[in-house]
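S.K.: Provided herewith is a single structure, encoded as structure tokens, for subsequent inquiry.
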Amino acid sequence: MAISRKIEGFMSKSSWIRRMFEDGMKLKEKYGAENVFDFSLGNPNVDPPDRFRELLQEIAGECTPGAHMYMPNAGYEQTRGEIAAHLSGEHSVSLSPEHVIMTCGAGGALNVVFKTLLDPGDEVIISKPFFVEYTFYVDNHGGVPVLVTTHEDFSLNLDAIESAITEKTKVILINSPNNPTGKVYDEKSIKGLSLLIARKERELGKEIYLVSDEPYSTIAYDEIRVPSILKACKNSLLVTSYSKSLSVPGERIGYIAIGPEVSDIGRLIGGITLSNRILGFVNAPALMQRIVGRMQGIYVDVDHYRRKRDLLCEGLWAAGYEFERPDGAFYLFPRTPIDDDVEFVRALQEKNILVVPGTGFGGPGHIRIAYCVDDSTIINSMDGFEAVMKKYKKS
């Protein structure tokens, strides 16, 4: 065998998202792109803000000596300072440039965090449903993912989290707004989780880190705000990217923000900075760092996604689907009328509708619909969604 047994096993259960995306490419070749309704991939279809394009042209045109050389592994100090100043105001905490490490997207950031924190066998608690790559990231660094349930409405189940905490627990990983459910964990839940962590740290005599993956934090609806973990929890790290907030997922730019009261913060900052290098990221993309530092407080227009959410929810509700209305992000996670969500996905595929089975996210009996698509895709897919629901409700 040319590849490792571990990767062979991972391939057999690899991302349903990409699998459905690849199926979609074949369907589009066969039927034409306009006749295929692809909700499989969370790839933003909203253009970046005009200011991003202006800065891209301006900065790319500058002839600054050394503009393309290596910089410190943590990133440009000016960029980190601009981000730290913005976060300090947003989260009501005091951050300096040293608290921010620029990364190759949120995925790179999570791998850097786990590389820094985890010893072999350390456990990472993850609430289901969850982003499909989390378990791979944890495994990359010798950790053990421990999956716990959420409540019926996908809110955090603090009892389940408490029951899962052991002497091996090193990290509790949350994702808000959540992919795939769109759930925002409210302030009461975050405060309760922070108090739980503090109590367990005292009982076990060790640090437990709260890591929050927040690439969708600027995409929240109905005046909902994402609570600050940096303010709520002492040993907290915020991981994010500009992929969704600026609609630039291909540019792979993000950062880690370290809570100002984290235990032994100097060593943690040093470890994260070293891990950024030794994992092969070296540093975040230089051009993007210079742009995003000057983009603080500027985001894509959330109204575009709010309109799409409402359009999709109204259509699916009328067609008989049951779901929790998402608080943020751009995903809907409806229940399927049968236990076998993969079968239901295949039935939708026969109508040229591409969605992802909830099984892939640790949420069987659901489907994930990524509504970061043209309005016409949502509107023209409704007949197919309705026909499939009718088929299974009759049976």
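We label chains A, B, ... in the order they appear in the structure tokens, count residues from 1 in each chain, and number ligands from 1 in the order shown.
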With a distance cut-off of 10 Å and only C-alpha atoms, select the neighbouring residues of Ala319 in chain A, excluding the residue or stretch itself and same-chain residues fewer than 2 positions from it, and output the selection as a PyMOL selection string.
M.R.: chain A and resi 313-317+321-322+382-390
S.K.: Taking the DSSP secondary structure from the backbone, can you list the residues of range 146-217 of chain A that are strand (DSSP E), as a PyMOL selection string?
M.R.: chain A and resi 146-148+169-175+209-213
S.K.: Can you write out the residues you just picked, keeping N, CA and C atoms, as a CSV table (one decimal), in the first residue's frame?
M.R.:
chain,number,residue,atom,x,y,z
A,146,VAL,N,-13.6,13.8,22.0
A,146,VAL,CA,-14.7,13.3,22.8
A,146,VAL,C,-15.9,14.0,22.4
A,147,LEU,N,-16.9,13.3,21.8
A,147,LEU,CA,-18.1,14.0,21.3
A,147,LEU,C,-19.2,13.9,22.3
A,148,VAL,N,-19.9,15.1,22.5
A,148,VAL,CA,-21.0,15.2,23.4
A,148,VAL,C,-22.2,15.7,22.7
A,169,THR,N,-8.8,15.7,30.0
A,169,THR,CA,-9.4,16.8,29.3
A,169,THR,C,-8.5,18.0,29.2
A,170,LYS,N,-8.1,18.5,28.0
A,170,LYS,CA,-7.2,19.6,27.9
A,170,LYS,C,-8.0,20.8,27.2
A,171,VAL,N,-8.9,20.5,26.3
A,171,VAL,CA,-9.6,21.6,25.5
A,171,VAL,C,-11.0,21.3,25.4
A,172,ILE,N,-11.9,22.3,25.5
A,172,ILE,CA,-13.3,22.3,25.1
A,172,ILE,C,-13.4,23.2,23.9
A,173,LEU,N,-13.8,22.6,22.8
A,173,LEU,CA,-13.9,23.3,21.5
A,173,LEU,C,-15.3,23.6,21.2
A,174,ILE,N,-15.6,24.9,21.0
A,174,ILE,CA,-16.9,25.3,20.5
A,174,ILE,C,-16.9,26.1,19.2
A,175,ASN,N,-18.0,26.2,18.5
A,175,ASN,CA,-18.0,26.8,17.2
A,175,ASN,C,-19.4,27.6,17.2
A,209,TYR,N,-8.6,24.5,28.6
A,209,TYR,CA,-8.7,25.7,27.7
A,209,TYR,C,-10.0,25.6,26.9
A,210,LEU,N,-10.7,26.8,26.9
A,210,LEU,CA,-11.9,27.0,26.0
A,210,LEU,C,-11.4,27.6,24.7
A,211,VAL,N,-11.6,26.9,23.6
A,211,VAL,CA,-11.2,27.3,22.3
A,211,VAL,C,-12.5,27.5,21.5
A,212,SER,N,-12.6,28.7,21.0
A,212,SER,CA,-13.9,29.0,20.2
A,212,SER,C,-13.5,29.3,18.8
A,213,ASP,N,-14.0,28.6,17.9
A,213,ASP,CA,-13.8,28.7,16.4
A,213,ASP,C,-14.9,29.6,15.9
S.K.: Please provide as number ranges by chain all residues within 12 Å of range 204-207 of chain A, with the sequence filter that same-chain residues fewer than 3 positions apart are discarded (counting only C-alpha atoms).
M.R.: A: 117-118, 165-172, 197-201, 210, 233-236, 262-264
S.K.: Set the distance at 12 Å and use only C-alpha atoms: which residues neighbour Cys372 in chain A once local chain neighbours fewer than 2 positions away are removed? I'd like the list as a PyMOL selection string.
M.R.: chain A and resi 37-47+219+244+247+302-309+311-312+329-332+369-370+374-378
S.K.: How about saving the chosen residues, C-alpha atoms kept, as a tab-separated table (two decimals), in the first residue's frame?
M.R.:
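Saved the output as part-v3.tsv:
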chain	number	residue	atom	x	y	z
A	37	PHE	CA	-29.14	23.23	-7.21
A	38	ASP	CA	-25.92	22.94	-5.29
A	39	PHE	CA	-26.15	23.61	-1.54
A	40	SER	CA	-23.20	21.38	-0.64
A	41	LEU	CA	-20.30	23.73	0.02
A	42	GLY	CA	-20.05	26.73	2.34
A	43	ASN	CA	-18.36	28.82	-0.35
A	44	PRO	CA	-19.51	32.47	0.00
A	45	ASN	CA	-21.19	33.85	-3.11
A	46	VAL	CA	-21.24	37.43	-1.82
A	47	ASP	CA	-18.42	39.60	-3.20
A	219	ILE	CA	-22.75	36.79	10.27
A	244	LYS	CA	-16.58	34.44	5.61
A	247	SER	CA	-15.70	36.51	1.51
A	302	VAL	CA	-25.13	40.39	6.40
A	303	ASP	CA	-28.49	41.38	4.88
A	304	HIS	CA	-27.60	39.35	1.77
A	305	TYR	CA	-27.46	36.18	3.85
A	306	ARG	CA	-30.42	37.14	6.03
A	307	ARG	CA	-32.58	37.42	2.92
A	308	LYS	CA	-31.41	34.05	1.66
A	309	ARG	CA	-32.07	32.46	5.05
A	311	LEU	CA	-36.28	32.79	1.54
A	312	LEU	CA	-35.10	29.23	2.20
A	329	ALA	CA	-23.69	31.61	9.56
A	330	PHE	CA	-25.29	30.47	6.29
A	331	TYR	CA	-26.43	26.91	7.01
A	332	LEU	CA	-29.79	25.29	7.69
A	369	ILE	CA	-28.12	23.11	3.38
A	370	ALA	CA	-25.53	25.82	2.62
A	374	ASP	CA	-27.85	32.73	-5.74
A	375	ASP	CA	-31.47	33.44	-4.85
A	376	SER	CA	-32.51	31.68	-8.06
A	377	THR	CA	-30.93	28.44	-6.79
A	378	ILE	CA	-33.12	28.59	-3.68
S.K.: If you run DSSP on the backbone, which residues of range 11-240 of chain A are alpha helix (DSSP H), as a PyMOL selection string?
M.R.: chain A and resi 11-12+16-31+50-60+77-91+105-117+134-140+158-164+187-204+229-232
S.K.: Compile the contact shell of Asn73 in chain A as a list in words: residues with an atom at most 10 Å away, counting only C-alpha atoms, same-chain residues fewer than 5 positions apart removed.
M.R.: Ile101, Met102, Thr103, Ile272, Thr273, Leu274, Ser275, Asn276, Arg277, Ile278, Phe281, Val282, Asn283 and Ala284 of chain A
S.K.: From the options A:Ser381, A:Tyr221, A:Arg368, A:Arg51, which residue's atoms come nearest to Asn352 in chain A, counting only C-alpha atoms?
M.R.: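 Going through A:Ser381, A:Tyr221, A:Arg368, A:Arg51 one by one, the smallest distance to Asn352 in chain A is for A:Ser381.
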S.K.: With a distance cut-off of 10 Å and only C-alpha atoms, select the neighbouring residues of Tyr392 in chain A, excluding the residue or stretch itself and same-chain residues fewer than 4 positions from it, and output the selection as a list in words.
M.R.: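 What passes the distance filter is Thr336, Pro337, Ile338, Phe344, Ala347, Ala387 and Val388 of chain A.
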S.K.: Please produce a file of those selected residues containing N, CA and C atoms, as a compact mmCIF listing (two decimals), in the first residue's frame.
M.R.:
# COMPACT_ATOMS: atom_id res chain seq x y z
N THR A 336 -34.72 15.13 8.82
CA THR A 336 -35.22 14.33 7.71
C THR A 336 -36.43 13.51 8.19
N PRO A 337 -37.39 13.25 7.30
CA PRO A 337 -38.58 12.50 7.72
C PRO A 337 -38.32 11.01 7.92
N ILE A 338 -37.11 10.57 7.58
CA ILE A 338 -36.71 9.17 7.82
C ILE A 338 -35.40 9.19 8.58
N PHE A 344 -32.15 10.02 2.16
CA PHE A 344 -32.90 11.23 1.83
C PHE A 344 -32.06 12.16 0.94
N ALA A 347 -32.19 10.86 -2.53
CA ALA A 347 -33.48 11.17 -3.17
C ALA A 347 -33.50 12.61 -3.67
N ALA A 387 -41.26 17.82 -3.55
CA ALA A 387 -41.60 16.50 -4.09
C ALA A 387 -40.99 15.38 -3.27
N VAL A 388 -39.75 15.55 -2.85
CA VAL A 388 -39.09 14.51 -2.05
C VAL A 388 -39.72 14.38 -0.67
S.K.: At a cut-off of 12 Å, using only C-alpha atoms, what residues contact Leu27 in chain A? Leave out same-chain residues fewer than 3 positions from it and give the result as a PyMOL selection string.
M.R.: chain A and resi 20-24+30-38+349-354
S.K.: Looking at only C-alpha atoms, which of A:Ile3, A:Val342, A:Ala164, A:Val112 is the one that sits closest to Gly271 in chain A?
M.R.: A:Val112
S.K.: From the options A:Arg290, A:Arg267, A:His366, A:Arg225, which residue's atoms come nearest to Gly75 in chain A, counting only C-alpha atoms?
M.R.: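 Looking at the shortest contact to Gly75 in chain A, the residue is A:Arg290.
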S.K.: Would you please work out which residue, of A:Gly363, A:Pro120, A:Pro260, A:Gly9, is nearest to Leu230 in chain A when using only C-alpha atoms?
M.R.: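 Of all the options, A:Pro260 lies closest to Leu230 in chain A.
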S.K.: At what distance in Å, to one decimal, does CA of Leu348 in chain A lie from CA of Pro334 in chain A?
M.R.: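 Taking CA of Pro334 in chain A and CA of Leu348 in chain A, their separation equals 13.4 Å.
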S.K.: Which distance in Å separates CA of Asp159 in chain A and CA of Ile125 in chain A, to one decimal?
M.R.: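 For CA of Asp159 in chain A relative to CA of Ile125 in chain A, the distance reads 12.7 Å.
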S.K.: Between CA of Lys115 in chain A and CA of Gly250 in chain A, what is the spacing in Å?
M.R.: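 These atoms are spaced 23.5 Å apart.
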S.K.: Determine the nearest neighbour of Lys183 in chain A from the options A:Pro326, A:Met288, A:Val100, A:Ala2, counting only C-alpha atoms.
M.R.: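 The shortest atom-to-atom distance to Lys183 in chain A comes from A:Pro326.
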